[in-house]
Amino acid sequence: ISVSRVRDSFKTPFDAAKWAPLKAQERGITTADILQEWEDKKNAATARGNLVHDYIGDVLTAAYTPDFQGVLAFEPELPEQRAWRDWYQRSTGTVAPLIKPYALAVEVIIGDRELGLDGTVDAVFTDTDGTILQLWDWKTGSKFETMSKWSRYLLPPFNYLDECELSTYTLQVALYSLILRRAGIKIEEANILHLGKQGVSGTFRRHRVGGTDFEEIVTILERHLLERQAKGLPIV
């Protein structure tokens with residue numbers, strides 16, 4: 001089961017069957033038109049996000065090659081790509097040193113056989129002893145809310161956290177951290193960077209969410225998933 005599927009299981013599902021007819025009536029178009037419009041927007045956002053991730057992957061993959069400066073100097077097409085490049089250039093040395101003995105892995109697939117859980121980490125910086133110094137997850141999209149505008153909360157056991165992008169994506173990197181921790185791999189940081197059309201709108205490092213420390217969120221996730229398995233339930 002994918003990390004993103006488990007992440008989304010803590011959100012109240014969007015009721016398209018309820019809202020599409022209401023929006024269609026409000027705008028004077030058919031329900032089918034509304035549903036197609038939503039699907040088109042979703043697909044366009046996914047495609048745009050993939051372009052941003054591909055660009056970042058190309059730059060980071062070239063980090064230890066003679067071509068690195070040329071790759072970094074290339075003028076990207078999308079504002080999210082340019083925002084990441086500018087952020088990366090400003091952050092060199094504080095994100096992760098681009099010198100040996102550090103190694104870099106991009107688009108790393110990780111998993112936990114016992115939990116039946118897997119996912120792909122956008123970028124990982126490691127030391128020579130295998131310690132993961134930093135785990136990074138790049139996010140794109142038109143918004144990145146740090147609290148719910150409508151006083152909505154996630155589902156148990158996180159029903160004290162606002163239903164918003166910060167909470168949801170924190171659960172995602174917490175799930176990555178859980179997989180790695182259960183494999184005996186230490187993580188110093190699990191980070192989120194949101195890239196919008198107007199630039200970097202948020203960098204979240206060593207974050208607390210809803211007054212809860214990140215490591216506590218990882219522990220709560222592990223306990224929740226193991227309890228479901230002990231009861232013979234799927235993890236989602």
# chains A, B, ... in the order shown; residues from 1 in each chain; ligands from 1
$ residues_around --residues "range 51-59 of chain A" --least-positions-apart "5" --cutoff "7 Å" --atoms "only C-alpha atoms" --output "VMD selection string"
chain A and resid 71 to 72 80 to 81 106
$ write_last_selection --atoms "N, CA, C and O atoms" --output "PDB file, in the first residue's frame"
ATOM      1  N   VAL A  71      24.255  22.471 -15.776  1.00  0.00           N
ATOM      2  CA  VAL A  71      22.878  22.058 -15.520  1.00  0.00           C
ATOM      3  C   VAL A  71      22.185  23.082 -14.632  1.00  0.00           C
ATOM      4  O   VAL A  71      21.041  23.483 -14.863  1.00  0.00           O
ATOM      5  N   LEU A  72      22.890  23.535 -13.595  1.00  0.00           N
ATOM      6  CA  LEU A  72      22.314  24.488 -12.661  1.00  0.00           C
ATOM      7  C   LEU A  72      22.065  25.839 -13.332  1.00  0.00           C
ATOM      8  O   LEU A  72      21.118  26.553 -12.985  1.00  0.00           O
ATOM      9  N   GLU A  80       7.971  27.370 -10.787  1.00  0.00           N
ATOM     10  CA  GLU A  80       8.271  26.485  -9.658  1.00  0.00           C
ATOM     11  C   GLU A  80       9.684  25.921  -9.773  1.00  0.00           C
ATOM     12  O   GLU A  80      10.383  25.758  -8.763  1.00  0.00           O
ATOM     13  N   GLN A  81      10.100  25.625 -11.007  1.00  0.00           N
ATOM     14  CA  GLN A  81      11.457  25.127 -11.223  1.00  0.00           C
ATOM     15  C   GLN A  81      12.489  26.207 -10.898  1.00  0.00           C
ATOM     16  O   GLN A  81      13.504  25.938 -10.246  1.00  0.00           O
ATOM     17  N   VAL A 106      18.169  10.291  -5.278  1.00  0.00           N
ATOM     18  CA  VAL A 106      17.000  10.988  -5.795  1.00  0.00           C
ATOM     19  C   VAL A 106      15.928   9.963  -6.174  1.00  0.00           C
ATOM     20  O   VAL A 106      16.232   8.925  -6.766  1.00  0.00           O
TER      21      VAL A 106
END
$ residues_around --residues "Ile185 in chain A" --least-positions-apart "3" --cutoff "8 Å" --atoms "only C-alpha atoms" --output "ChimeraX atom specification"
/A:130-132,180-182
$ closest_atom_pairs --of "range 26-143 of chain A" --to "range 15-20 of chain A" --cutoff "10 Å" --atoms "only C-alpha atoms" --output "Markdown table"
| residue | atom | partner | partner_atom | distance |
| --- | --- | --- | --- | --- |
| A:Glu26 | CA | A:Ala20 | CA | 9.8 |
| A:Thr30 | CA | A:Ala20 | CA | 8.8 |
| A:Thr31 | CA | A:Ala20 | CA | 5.6 |
| A:Ala32 | CA | A:Ala20 | CA | 8.2 |
| A:Asp33 | CA | A:Ala20 | CA | 9.1 |
| A:Ile34 | CA | A:Ala20 | CA | 6.1 |
| A:Leu35 | CA | A:Ala20 | CA | 6.5 |
| A:Trp38 | CA | A:Ala20 | CA | 9.3 |
$ closest_residue --among "A:Asn50, A:Thr120, A:Ser2, A:Asn191" --to "Gly141 in chain A" --atoms "only C-alpha atoms"
A:Asn50
$ atom_distance --atom1 "CA of Thr219 in chain A" --atom2 "CA of Leu178 in chain A"
7.8 Å
$ residues_around --residues "Trp150 in chain A" --least-positions-apart "4" --cutoff "12 Å" --atoms "only C-alpha atoms" --output "number ranges by chain"
A: 145, 162-164
$ select_by_dssp --residues "range 22-153 of chain A" --states "strand (DSSP E)" --output "short mmCIF file (atom, residue, chain, number, x, y, z; two decimals) with N, CA and C atoms, in the first residue's frame"
data_model
loop_
_atom_site.label_atom_id
_atom_site.label_comp_id
_atom_site.auth_asym_id
_atom_site.auth_seq_id
_atom_site.Cartn_x
_atom_site.Cartn_y
_atom_site.Cartn_z
N ALA A 103 26.62 11.72 0.17
CA ALA A 103 26.06 11.13 -1.05
C ALA A 103 24.62 11.58 -1.17
N LEU A 104 24.11 11.51 -2.35
CA LEU A 104 22.76 11.97 -2.62
C LEU A 104 21.99 10.91 -3.38
N ALA A 105 20.77 10.68 -2.95
CA ALA A 105 19.90 9.76 -3.68
C ALA A 105 18.64 10.51 -4.06
N VAL A 106 18.17 10.29 -5.28
CA VAL A 106 17.00 10.99 -5.80
C VAL A 106 15.93 9.96 -6.17
N GLU A 107 14.66 10.27 -5.81
CA GLU A 107 13.54 9.38 -6.11
C GLU A 107 13.84 7.97 -5.59
N VAL A 108 14.00 7.88 -4.27
CA VAL A 108 14.36 6.62 -3.63
C VAL A 108 13.11 5.85 -3.23
N ILE A 109 12.97 4.61 -3.71
CA ILE A 109 11.85 3.76 -3.33
C ILE A 109 12.19 3.02 -2.04
N ILE A 110 11.32 3.16 -1.03
CA ILE A 110 11.54 2.50 0.25
C ILE A 110 10.27 1.73 0.63
N GLY A 111 10.40 0.76 1.53
CA GLY A 111 9.23 0.00 1.91
C GLY A 111 9.45 -0.77 3.20
N ASP A 112 8.34 -1.22 3.79
CA ASP A 112 8.35 -2.03 4.99
C ASP A 112 7.49 -3.26 4.73
N LEU A 117 3.91 -1.50 3.33
CA LEU A 117 3.88 -0.07 3.03
C LEU A 117 5.09 0.31 2.18
N ASP A 118 4.87 1.14 1.16
CA ASP A 118 6.00 1.60 0.34
C ASP A 118 5.73 3.01 -0.18
N GLY A 119 6.81 3.66 -0.58
CA GLY A 119 6.70 5.01 -1.12
C GLY A 119 8.00 5.44 -1.75
N THR A 120 7.97 6.60 -2.39
CA THR A 120 9.16 7.14 -3.07
C THR A 120 9.51 8.48 -2.45
N VAL A 121 10.72 8.57 -1.91
CA VAL A 121 11.22 9.80 -1.30
C VAL A 121 11.87 10.65 -2.39
N ASP A 122 11.56 11.94 -2.41
CA ASP A 122 12.07 12.81 -3.47
C ASP A 122 13.58 12.95 -3.45
N ALA A 123 14.15 13.20 -2.28
CA ALA A 123 15.61 13.38 -2.20
C ALA A 123 16.09 13.02 -0.80
N VAL A 124 17.26 12.38 -0.75
CA VAL A 124 17.85 11.97 0.51
C VAL A 124 19.33 12.32 0.49
N PHE A 125 19.79 12.97 1.56
CA PHE A 125 21.21 13.24 1.74
C PHE A 125 21.71 12.33 2.86
N THR A 126 22.77 11.56 2.59
CA THR A 126 23.27 10.61 3.58
C THR A 126 24.75 10.83 3.86
N ILE A 132 20.92 9.03 7.50
CA ILE A 132 20.23 9.97 6.62
C ILE A 132 20.19 11.33 7.33
N LEU A 133 20.94 12.26 6.79
CA LEU A 133 21.00 13.58 7.39
C LEU A 133 19.73 14.36 7.12
N GLN A 134 19.26 14.27 5.89
CA GLN A 134 18.07 15.04 5.51
C GLN A 134 17.25 14.27 4.48
N LEU A 135 15.95 14.28 4.71
CA LEU A 135 14.98 13.74 3.77
C LEU A 135 14.14 14.92 3.30
N TRP A 136 13.99 15.06 1.97
CA TRP A 136 13.25 16.20 1.43
C TRP A 136 12.09 15.74 0.55
N ASP A 137 10.97 16.42 0.70
CA ASP A 137 9.80 16.16 -0.13
C ASP A 137 9.38 17.47 -0.78
N TRP A 138 9.36 17.49 -2.12
CA TRP A 138 9.00 18.70 -2.86
C TRP A 138 7.50 18.69 -3.14
N LYS A 139 6.83 19.79 -2.84
CA LYS A 139 5.40 19.90 -3.09
C LYS A 139 5.11 21.06 -4.02
N THR A 140 4.21 20.83 -4.97
CA THR A 140 3.74 21.89 -5.86
C THR A 140 2.24 22.03 -5.68
#
$ closest_residue --among "A:Ile187, A:Leu166, A:Lys197, A:Phe74" --to "Ala45 in chain A" --atoms "only C-alpha atoms"
A:Lys197
$ closest_residue --among "A:Leu175, A:Leu233, A:Leu221, A:Met147" --to "Ser4 in chain A" --atoms "only C-alpha atoms"
A:Leu175
$ select_by_dssp --residues "range 109-204 of chain A" --states "helix (DSSP H, G or I)" --output "JSON, numbers by chain"
{"A": [165, 166, 167, 168, 169, 170, 171, 172, 173, 174, 175, 176, 177, 178, 179, 180, 181, 182]}
$ decode --residues "range 193-225 of chain A" --atoms "C-alpha atoms" --output "PDB file, in the first residue's frame"
ATOM      1  CA  LEU A 193       9.382  22.438   0.559  1.00  0.00           C
ATOM      2  CA  HIS A 194       6.354  23.950  -1.172  1.00  0.00           C
ATOM      3  CA  LEU A 195       6.977  25.456  -4.609  1.00  0.00           C
ATOM      4  CA  GLY A 196       4.225  27.681  -5.972  1.00  0.00           C
ATOM      5  CA  LYS A 197       3.944  29.752  -9.103  1.00  0.00           C
ATOM      6  CA  GLN A 198       4.983  32.784  -7.052  1.00  0.00           C
ATOM      7  CA  GLY A 199       8.044  31.079  -5.586  1.00  0.00           C
ATOM      8  CA  VAL A 200       8.840  29.151  -2.419  1.00  0.00           C
ATOM      9  CA  SER A 201       5.885  29.641  -0.097  1.00  0.00           C
ATOM     10  CA  GLY A 202       7.094  27.498   2.764  1.00  0.00           C
ATOM     11  CA  THR A 203      10.005  25.447   4.055  1.00  0.00           C
ATOM     12  CA  PHE A 204       9.198  23.169   6.974  1.00  0.00           C
ATOM     13  CA  ARG A 205      12.150  21.691   8.857  1.00  0.00           C
ATOM     14  CA  ARG A 206      12.131  19.954  12.263  1.00  0.00           C
ATOM     15  CA  HIS A 207       8.488  20.963  12.385  1.00  0.00           C
ATOM     16  CA  ARG A 208       5.867  20.717  15.100  1.00  0.00           C
ATOM     17  CA  VAL A 209       2.242  20.348  14.018  1.00  0.00           C
ATOM     18  CA  GLY A 210      -0.656  21.089  16.312  1.00  0.00           C
ATOM     19  CA  GLY A 211       1.742  21.254  19.241  1.00  0.00           C
ATOM     20  CA  THR A 212       3.006  17.719  18.546  1.00  0.00           C
ATOM     21  CA  ASP A 213       6.665  16.942  17.898  1.00  0.00           C
ATOM     22  CA  PHE A 214       7.440  15.241  14.611  1.00  0.00           C
ATOM     23  CA  GLU A 215       8.931  12.155  16.269  1.00  0.00           C
ATOM     24  CA  GLU A 216       5.766  11.734  18.318  1.00  0.00           C
ATOM     25  CA  ILE A 217       3.725  11.774  15.106  1.00  0.00           C
ATOM     26  CA  VAL A 218       5.948   8.988  13.723  1.00  0.00           C
ATOM     27  CA  THR A 219       5.392   6.952  16.896  1.00  0.00           C
ATOM     28  CA  ILE A 220       1.617   7.478  16.790  1.00  0.00           C
ATOM     29  CA  LEU A 221       1.552   6.343  13.151  1.00  0.00           C
ATOM     30  CA  GLU A 222       3.454   3.157  13.946  1.00  0.00           C
ATOM     31  CA  ARG A 223       1.210   2.310  16.878  1.00  0.00           C
ATOM     32  CA  HIS A 224      -1.931   2.980  14.827  1.00  0.00           C
ATOM     33  CA  LEU A 225      -0.857   0.810  11.892  1.00  0.00           C
TER      34      LEU A 225
END
